[in-house]
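A short worksheet on the structure shown next.
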There are 2 protein chains.
Amino acid sequence: MSVDPGSDLLAPLTGSIAEVREAVRAAQRQGKRVGFVPTMGALHAGHASLIAAARRECDLVVVSIFVNPTQFAPHEDLAKYPRPLEADRRVCRQAGADLVFVPRVEDIYPAGFTTYVTVEGLSSILEGVARPTHFRGVTTVVLKLFQMVPADIAYFGQKDYQQQTIIRKMVADLNLPITIRVCPTIRETDGLAMSSRNVYLDSAQRQVSLALFRTLELARTELARGERNLPALRQRLRACLGSDPAVQPDYATLVDPDTLAELDTPGPRVVALVAARVGTTRLIDNAVIDLR
Amino acid sequence: MSVDPGSDLLAPLTGSIAEVREAVRAAQRQGKRVGFVPTMGALHAGHASLIAAARRECDLVVVSIFVNPTQFAPHEDLAKYPRPLEADRRVCRQAGADLVFVPRVEDIYPAGFTTYVTVEGLSSILEGVARPTHFRGVTTVVLKLFQMVPADIAYFGQKDYQQQTIIRKMVADLNLPITIRVCPTIRETDGLAMSSRNVYLDSAQRQVSLALFRTLELARTELARGERNLPALRQRLRACLGSDPAVQPDYATLVDPDTLAELDTPGPRVVALVAARVGTTRLIDNAVIDLR
């Protein structure tokens with residue numbers, strides 16, 4: 001684990017979980033507000049926007065970088081997930097982080113680890129169908145990180161819509177004393193949502209991946225035009241997502257913003273959620289559409 | 001919920017979870033050490049000993065009283081579990097508590113609650129066989145209480161040996177910033193372990209309930225005499241526990257103090273665990289036996 005205080009973000013200092021916790025608490029004892037951005041590294045402009053949001057609102061900004069094994073299934077991309085640590089430290093520094101916390105796997109999951117936090121229901125739908133143990137891994141590690149970095153505010157991206165919904169539910173259900181801020185998805189100029197997994201795409205795949213954004217735009221346009229027959233619209237979204245044979249759609253749906261239940265008639269806000277595979281890379285995206 | 005600050009322990013003040021948390025944090029900001037005794041009420045000398053231990057070691061002592069529905073199965077005694085709130089407040093005061101936190105069920109489990117903390121493995125053996133959802137309910141509520149009452153030290157009784165083992169495992173696995181103290185079982189003069197459920201026993205049942213303590217004494221005596229064949233000793237313990245037809249033994253076993261795995265040959269310490277039903281009342285007890 002390394003804890004980099006102050007401007008010395010590139011120094012490979014090592015420290016303990018107790019040290020990072022104490023750094024947070026010392027700041028809080030001085031009346032400072034602490035912001036926390038938990039990440040899996042491979043930082044892009046989306047992560048930088050979270051760090052910048054924390055910088056604007058908080059006195060001490062902590063970023064964690066930890067590729068969390070428990071949220072990967074055995075067949076998934078844990079081994080090849082990008083880990084560009086030095087580049088990540090530079091992103092942290094440039095975006096305004098004060099402290100980068102890089103725990104080791106054996107510190108987070110010592111031998112004999114058996115305790116899990118599960119948000120039932122929400123964790124087994126949508127992404128949870130394709131990835132049944134994924135969100136249990138996410139909620140477990142996020143709860144652990146919140147204990148190690150007992151910040152006042154934590155920042156998550158809207159890009160992982162179901163993830164932030166589940167984390168907000170966990171925080172509410174377990175009375176965790178932290179505020180969750182959800183920040184807008186950051187996109188490439190052509191609309192593709194920034195994702196650490198975009199590096200897996202070759203140029204042809206990168207091109208067809210726009211199907212996800214196009215599908216969300218279709219949802220937005222049709223709802224703006226007055227379409228209220230959501231089952232019919234859902235069918236059109238699925239067709240749009242699957243229109244290129246190089247894209248294997250997983251789902252394209254319209255759901256309630258909080259319960260993620262499929263909607264047949266819209267409430268004041270509708271969330272369009274899409275997921276597809278392009279080659280071996282799984283991509284997700286979403287749009288929160290306000291109908292008021 | 002009621003929060004009773006200072007000596008005004010009997011006043012039915014109402015407050016919020018945020019208020020009790022702030023009372024704890026305010027004390028900590030002044031450099032005070034906060035002790036926490038989570039209970040289900042129906043307080044007896046065992047609970048009083050936990051409160052007294054907290055009083056000796058801490059500057060602010062918080063007791064919670066909450067009969068936690070998620071640790072009862074539908075057929076169990078949730079409805080009839082004793083709730084002598086005024087007597088409990090007196091026990092708290094006499095034992096030295098500063099603050100009694102009595103949350104309402106709807107504050108702890110609002111509609112739509114779906115998040116659970118599970119210590120896998122340890123929660124499904126021994127008590128977990130007879131009570132498969134019990135420990136999930138315990139770990140979930142204890143984690144929640146630790147977020148509401150972010151104390152420095154929490155006190156549990158050795159009487160619920162498996163429970164304290166599981167809570168210590170949860171605290172370690174989830175990096176919860178709290179120290180767990182386990183205090184000795186308090187017994188009636190004839191050896192029966194104090195339990196809130198002892199009030200269910202009529203006088204004949206009260207008499208035969210001594211089988212649990214006698215079985216633990218047999219384990220202690222035989223191990224002190226040099227018995228090292230634990231499978232054979234286990235058989236004798238089961239026979240002892242079931243020697244009165246009014247006692248239905250559930251288990252009588254010898255386990256590792258941390259993993260609770262059944263031992264065939266002793267390590268430096270052995271824990272004897274017993275569970276039985278007397279009438280409709282389920283009783284448990286244990287002895288930690290040091291062989292060094």
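So you can find residues: chains in the structure tokens are A, B, ... in the order shown, residues in each start at 1, and ligands are numbered from 1 in order.
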
Could the residues of chain B that have an atom at most 7 Å from chain A be listed as JSON lines, each with its closest atom pair and the distance in Å to one decimal, counting only C-alpha atoms and ordered by chain and ascending residue number?
```
{"residue": "B:Arg29", "atom": "CA", "partner": "A:Arg29", "partner_atom": "CA", "distance": 6.8}
{"residue": "B:Phe113", "atom": "CA", "partner": "A:Asp173", "partner_atom": "CA", "distance": 5.9}
{"residue": "B:Thr114", "atom": "CA", "partner": "A:Glu120", "partner_atom": "CA", "distance": 5.3}
{"residue": "B:Thr115", "atom": "CA", "partner": "A:Val119", "partner_atom": "CA", "distance": 4.2}
{"residue": "B:Tyr116", "atom": "CA", "partner": "A:Thr118", "partner_atom": "CA", "distance": 5.4}
{"residue": "B:Val117", "atom": "CA", "partner": "A:Val117", "partner_atom": "CA", "distance": 4.5}
{"residue": "B:Thr118", "atom": "CA", "partner": "A:Tyr116", "partner_atom": "CA", "distance": 5.4}
{"residue": "B:Val119", "atom": "CA", "partner": "A:Thr115", "partner_atom": "CA", "distance": 4.2}
{"residue": "B:Glu120", "atom": "CA", "partner": "A:Thr114", "partner_atom": "CA", "distance": 5.3}
{"residue": "B:Lys144", "atom": "CA", "partner": "A:Leu174", "partner_atom": "CA", "distance": 5.0}
{"residue": "B:Gln147", "atom": "CA", "partner": "A:Leu176", "partner_atom": "CA", "distance": 5.7}
{"residue": "B:Met148", "atom": "CA", "partner": "A:Asn175", "partner_atom": "CA", "distance": 6.6}
{"residue": "B:Met170", "atom": "CA", "partner": "A:Thr115", "partner_atom": "CA", "distance": 6.1}
{"residue": "B:Asp173", "atom": "CA", "partner": "A:Phe113", "partner_atom": "CA", "distance": 5.9}
{"residue": "B:Leu174", "atom": "CA", "partner": "A:Lys144", "partner_atom": "CA", "distance": 5.0}
{"residue": "B:Asn175", "atom": "CA", "partner": "A:Lys144", "partner_atom": "CA", "distance": 5.9}
{"residue": "B:Leu176", "atom": "CA", "partner": "A:Gln147", "partner_atom": "CA", "distance": 5.8}
{"residue": "B:Pro177", "atom": "CA", "partner": "A:Gln147", "partner_atom": "CA", "distance": 6.7}
```

When DSSP is applied to the backbone of this structure, which of segment 17-245 of chain A are assigned strand (DSSP E or B)? Write them out as an MDAnalysis selection string. chainID A and resid 34:39 60:65 99:101 115:119 153:157 179:183 187 193

Pick out the residues sitting within 10 Å of Arg214 of chain B, and hand them over as an MDAnalysis selection string; count only C-alpha atoms, and ignore anything fewer than 5 positions along from it in its own chain. chainID B and resid 191:192 209 219:220 237 240:241

Just-selected residues, C-alpha atoms written as a compact mmCIF listing (two decimals), in the first residue's frame:
```txt
# COMPACT_ATOMS: atom_id res chain seq x y z
CA GLY B 191 -23.70 -22.31 37.30
CA LEU B 192 -26.53 -21.55 34.86
CA SER B 209 -31.13 -26.58 32.47
CA ALA B 219 -15.28 -31.26 29.51
CA ARG B 220 -13.13 -29.16 31.80
CA LEU B 237 -20.44 -34.71 26.48
CA CYS B 240 -24.17 -35.93 29.60
CA LEU B 241 -26.16 -33.14 27.94
```

Could you give me the residues within segment 14-238 of chain B that DSSP places in alpha helix (DSSP H), as JSON, numbers by chain? {"B": [17, 18, 19, 20, 21, 22, 23, 24, 25, 26, 27, 28, 29, 45, 46, 47, 48, 49, 50, 51, 52, 53, 54, 55, 56, 57, 85, 86, 87, 88, 89, 90, 91, 92, 93, 94, 95, 105, 106, 107, 108, 127, 128, 129, 130, 134, 135, 136, 137, 138, 139, 140, 141, 142, 143, 144, 145, 146, 147, 148, 161, 162, 163, 164, 165, 166, 167, 168, 169, 170, 171, 172, 173, 203, 204, 205, 206, 207, 208, 210, 211, 212, 213, 214, 215, 216, 217, 218, 219, 220, 221, 222, 223, 224, 230, 231, 232, 233, 234, 235, 236, 237, 238]}

Neighbouring residues of Ala246 of chain B were defined as those with any atom within 8 Å, considering only C-alpha atoms; residues of the same chain fewer than 3 positions away were excluded. Please report them as a list in words.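 Residues meeting the cut-off are Gln205, Val208, Val278 and Gly279 of chain B.
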
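For the pair atom CA of Arg136 of chain B and atom CA of Gln162 of chain B, the separation is 12.5 Å.
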
Could you please determine the separation between atom CA of Thr185 of chain B and atom CA of Val138 of chain B in Å, to one decimal place? 19.1 Å

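Straight-line separation from atom CA of Gln248 of chain A to atom CA of Ala204 of chain A: 14.6 Å.
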
Within 12 Å of Val255 of chain B, counting only C-alpha atoms, which residues qualify if same-chain residues fewer than 4 places away don't, as a PyMOL selection string? chain B and resi 125-126+161-162+219+230-231+234+251+259-274+286-289

For segment 45-62 of chain B, please output as an MDAnalysis selection string all residues within 10 Å (counting only C-alpha atoms; exclusion window: fewer than 6 positions along the same chain). chainID B and resid 3:6 20 23:24 27:28 31:39 88 91:101 149 151:159 181:188 193:196

Grab the residues selected above and save them as a PDB file, in the first residue's frame with C-alpha atoms.
```pdb
ATOM      1  CA  VAL B   3     -31.222   9.312  23.558  1.00  0.00           C
ATOM      2  CA  ASP B   4     -30.748   9.955  27.206  1.00  0.00           C
ATOM      3  CA  PRO B   5     -27.752  12.098  27.933  1.00  0.00           C
ATOM      4  CA  GLY B   6     -26.105  12.372  31.303  1.00  0.00           C
ATOM      5  CA  VAL B  20     -26.560   9.813  18.945  1.00  0.00           C
ATOM      6  CA  ALA B  23     -22.956  12.797  20.800  1.00  0.00           C
ATOM      7  CA  VAL B  24     -20.308  10.109  20.249  1.00  0.00           C
ATOM      8  CA  ALA B  27     -16.976  13.242  22.937  1.00  0.00           C
ATOM      9  CA  GLN B  28     -14.262  11.910  20.640  1.00  0.00           C
ATOM     10  CA  GLY B  31     -10.295  13.315  23.223  1.00  0.00           C
ATOM     11  CA  LYS B  32     -12.728  11.099  25.120  1.00  0.00           C
ATOM     12  CA  ARG B  33     -12.836   7.339  24.623  1.00  0.00           C
ATOM     13  CA  VAL B  34     -16.300   5.992  23.849  1.00  0.00           C
ATOM     14  CA  GLY B  35     -17.507   2.541  24.867  1.00  0.00           C
ATOM     15  CA  PHE B  36     -20.560   0.842  23.384  1.00  0.00           C
ATOM     16  CA  VAL B  37     -22.639  -2.064  24.686  1.00  0.00           C
ATOM     17  CA  PRO B  38     -25.174  -3.217  22.079  1.00  0.00           C
ATOM     18  CA  THR B  39     -27.988  -5.230  23.685  1.00  0.00           C
ATOM     19  CA  ASP B  88     -33.479  -1.873  31.615  1.00  0.00           C
ATOM     20  CA  VAL B  91     -29.771  -1.383  35.018  1.00  0.00           C
ATOM     21  CA  CYS B  92     -28.000   0.926  32.557  1.00  0.00           C
ATOM     22  CA  ARG B  93     -27.897   3.751  35.063  1.00  0.00           C
ATOM     23  CA  GLN B  94     -26.763   1.613  37.946  1.00  0.00           C
ATOM     24  CA  ALA B  95     -24.024  -0.023  35.892  1.00  0.00           C
ATOM     25  CA  GLY B  96     -22.706   3.363  34.767  1.00  0.00           C
ATOM     26  CA  ALA B  97     -24.084   4.061  31.285  1.00  0.00           C
ATOM     27  CA  ASP B  98     -24.154   7.689  30.122  1.00  0.00           C
ATOM     28  CA  LEU B  99     -26.489   7.295  27.183  1.00  0.00           C
ATOM     29  CA  VAL B 100     -29.184   4.768  26.293  1.00  0.00           C
ATOM     30  CA  PHE B 101     -30.044   4.496  22.620  1.00  0.00           C
ATOM     31  CA  VAL B 149     -22.618   4.711  17.484  1.00  0.00           C
ATOM     32  CA  ALA B 151     -17.461   4.071  19.432  1.00  0.00           C
ATOM     33  CA  ASP B 152     -13.852   3.184  20.096  1.00  0.00           C
ATOM     34  CA  ILE B 153     -14.557  -0.062  21.938  1.00  0.00           C
ATOM     35  CA  ALA B 154     -17.584  -2.387  21.864  1.00  0.00           C
ATOM     36  CA  TYR B 155     -18.329  -4.980  24.528  1.00  0.00           C
ATOM     37  CA  PHE B 156     -19.806  -8.438  23.986  1.00  0.00           C
ATOM     38  CA  GLY B 157     -20.332 -11.392  26.288  1.00  0.00           C
ATOM     39  CA  GLN B 158     -18.481 -14.657  25.960  1.00  0.00           C
ATOM     40  CA  LYS B 159     -21.803 -16.399  26.604  1.00  0.00           C
ATOM     41  CA  ARG B 181     -13.797  -6.674  24.012  1.00  0.00           C
ATOM     42  CA  VAL B 182     -15.209 -10.016  25.060  1.00  0.00           C
ATOM     43  CA  CYS B 183     -16.175 -10.247  28.735  1.00  0.00           C
ATOM     44  CA  PRO B 184     -16.641 -13.410  30.819  1.00  0.00           C
ATOM     45  CA  THR B 185     -19.992 -15.131  31.090  1.00  0.00           C
ATOM     46  CA  ILE B 186     -21.858 -14.240  34.262  1.00  0.00           C
ATOM     47  CA  ARG B 187     -23.585 -17.199  35.969  1.00  0.00           C
ATOM     48  CA  GLU B 188     -26.200 -17.867  38.572  1.00  0.00           C
ATOM     49  CA  ALA B 193     -25.330 -18.886  32.424  1.00  0.00           C
ATOM     50  CA  MET B 194     -27.328 -15.672  32.673  1.00  0.00           C
ATOM     51  CA  SER B 195     -29.591 -15.230  29.642  1.00  0.00           C
ATOM     52  CA  SER B 196     -32.574 -13.065  28.866  1.00  0.00           C
TER      53      SER B 196
END
```

Counting only C-alpha atoms, which of B:Glu76, B:Asp258, B:Asp285, B:Glu217 gets nearest to Asp160 of chain B?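 So, comparing all the options, the nearest one is B:Asp285.
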
Have a look at A:Leu43, A:His75, A:Gly128, A:Thr133 and name the one nearest to Arg90 of chain A; count only C-alpha atoms. A:Leu43

Could you give me, as a list in words, the residues within 10 Å of Arg282 of chain B, counting only C-alpha atoms and dropping anything in the same chain fewer than 2 positions from it? Glu76, Arg197, Asn198, Tyr200, Val247, Gln248, Pro249, Asp250, Ala275, Ala276, Arg277, Val278, Gly279, Thr280 and Ile284 of chain B

Print the selection's residues with C-alpha atoms to a file, as a CSV table (one decimal), in the first residue's frame.
```csv
chain,number,residue,atom,x,y,z
B,76,GLU,CA,-38.9,-17.9,16.9
B,197,ARG,CA,-34.3,-16.3,27.8
B,198,ASN,CA,-34.0,-17.9,31.3
B,200,TYR,CA,-39.0,-18.6,29.9
B,247,VAL,CA,-33.4,-31.7,27.8
B,248,GLN,CA,-33.2,-32.1,24.0
B,249,PRO,CA,-29.5,-31.8,23.1
B,250,ASP,CA,-28.7,-30.0,19.9
B,275,ALA,CA,-26.8,-26.1,22.9
B,276,ALA,CA,-30.1,-27.7,23.9
B,277,ARG,CA,-33.8,-27.2,24.1
B,278,VAL,CA,-35.6,-27.3,27.4
B,279,GLY,CA,-39.3,-27.2,26.6
B,280,THR,CA,-39.5,-24.6,23.8
B,284,ILE,CA,-26.5,-22.2,24.8
```
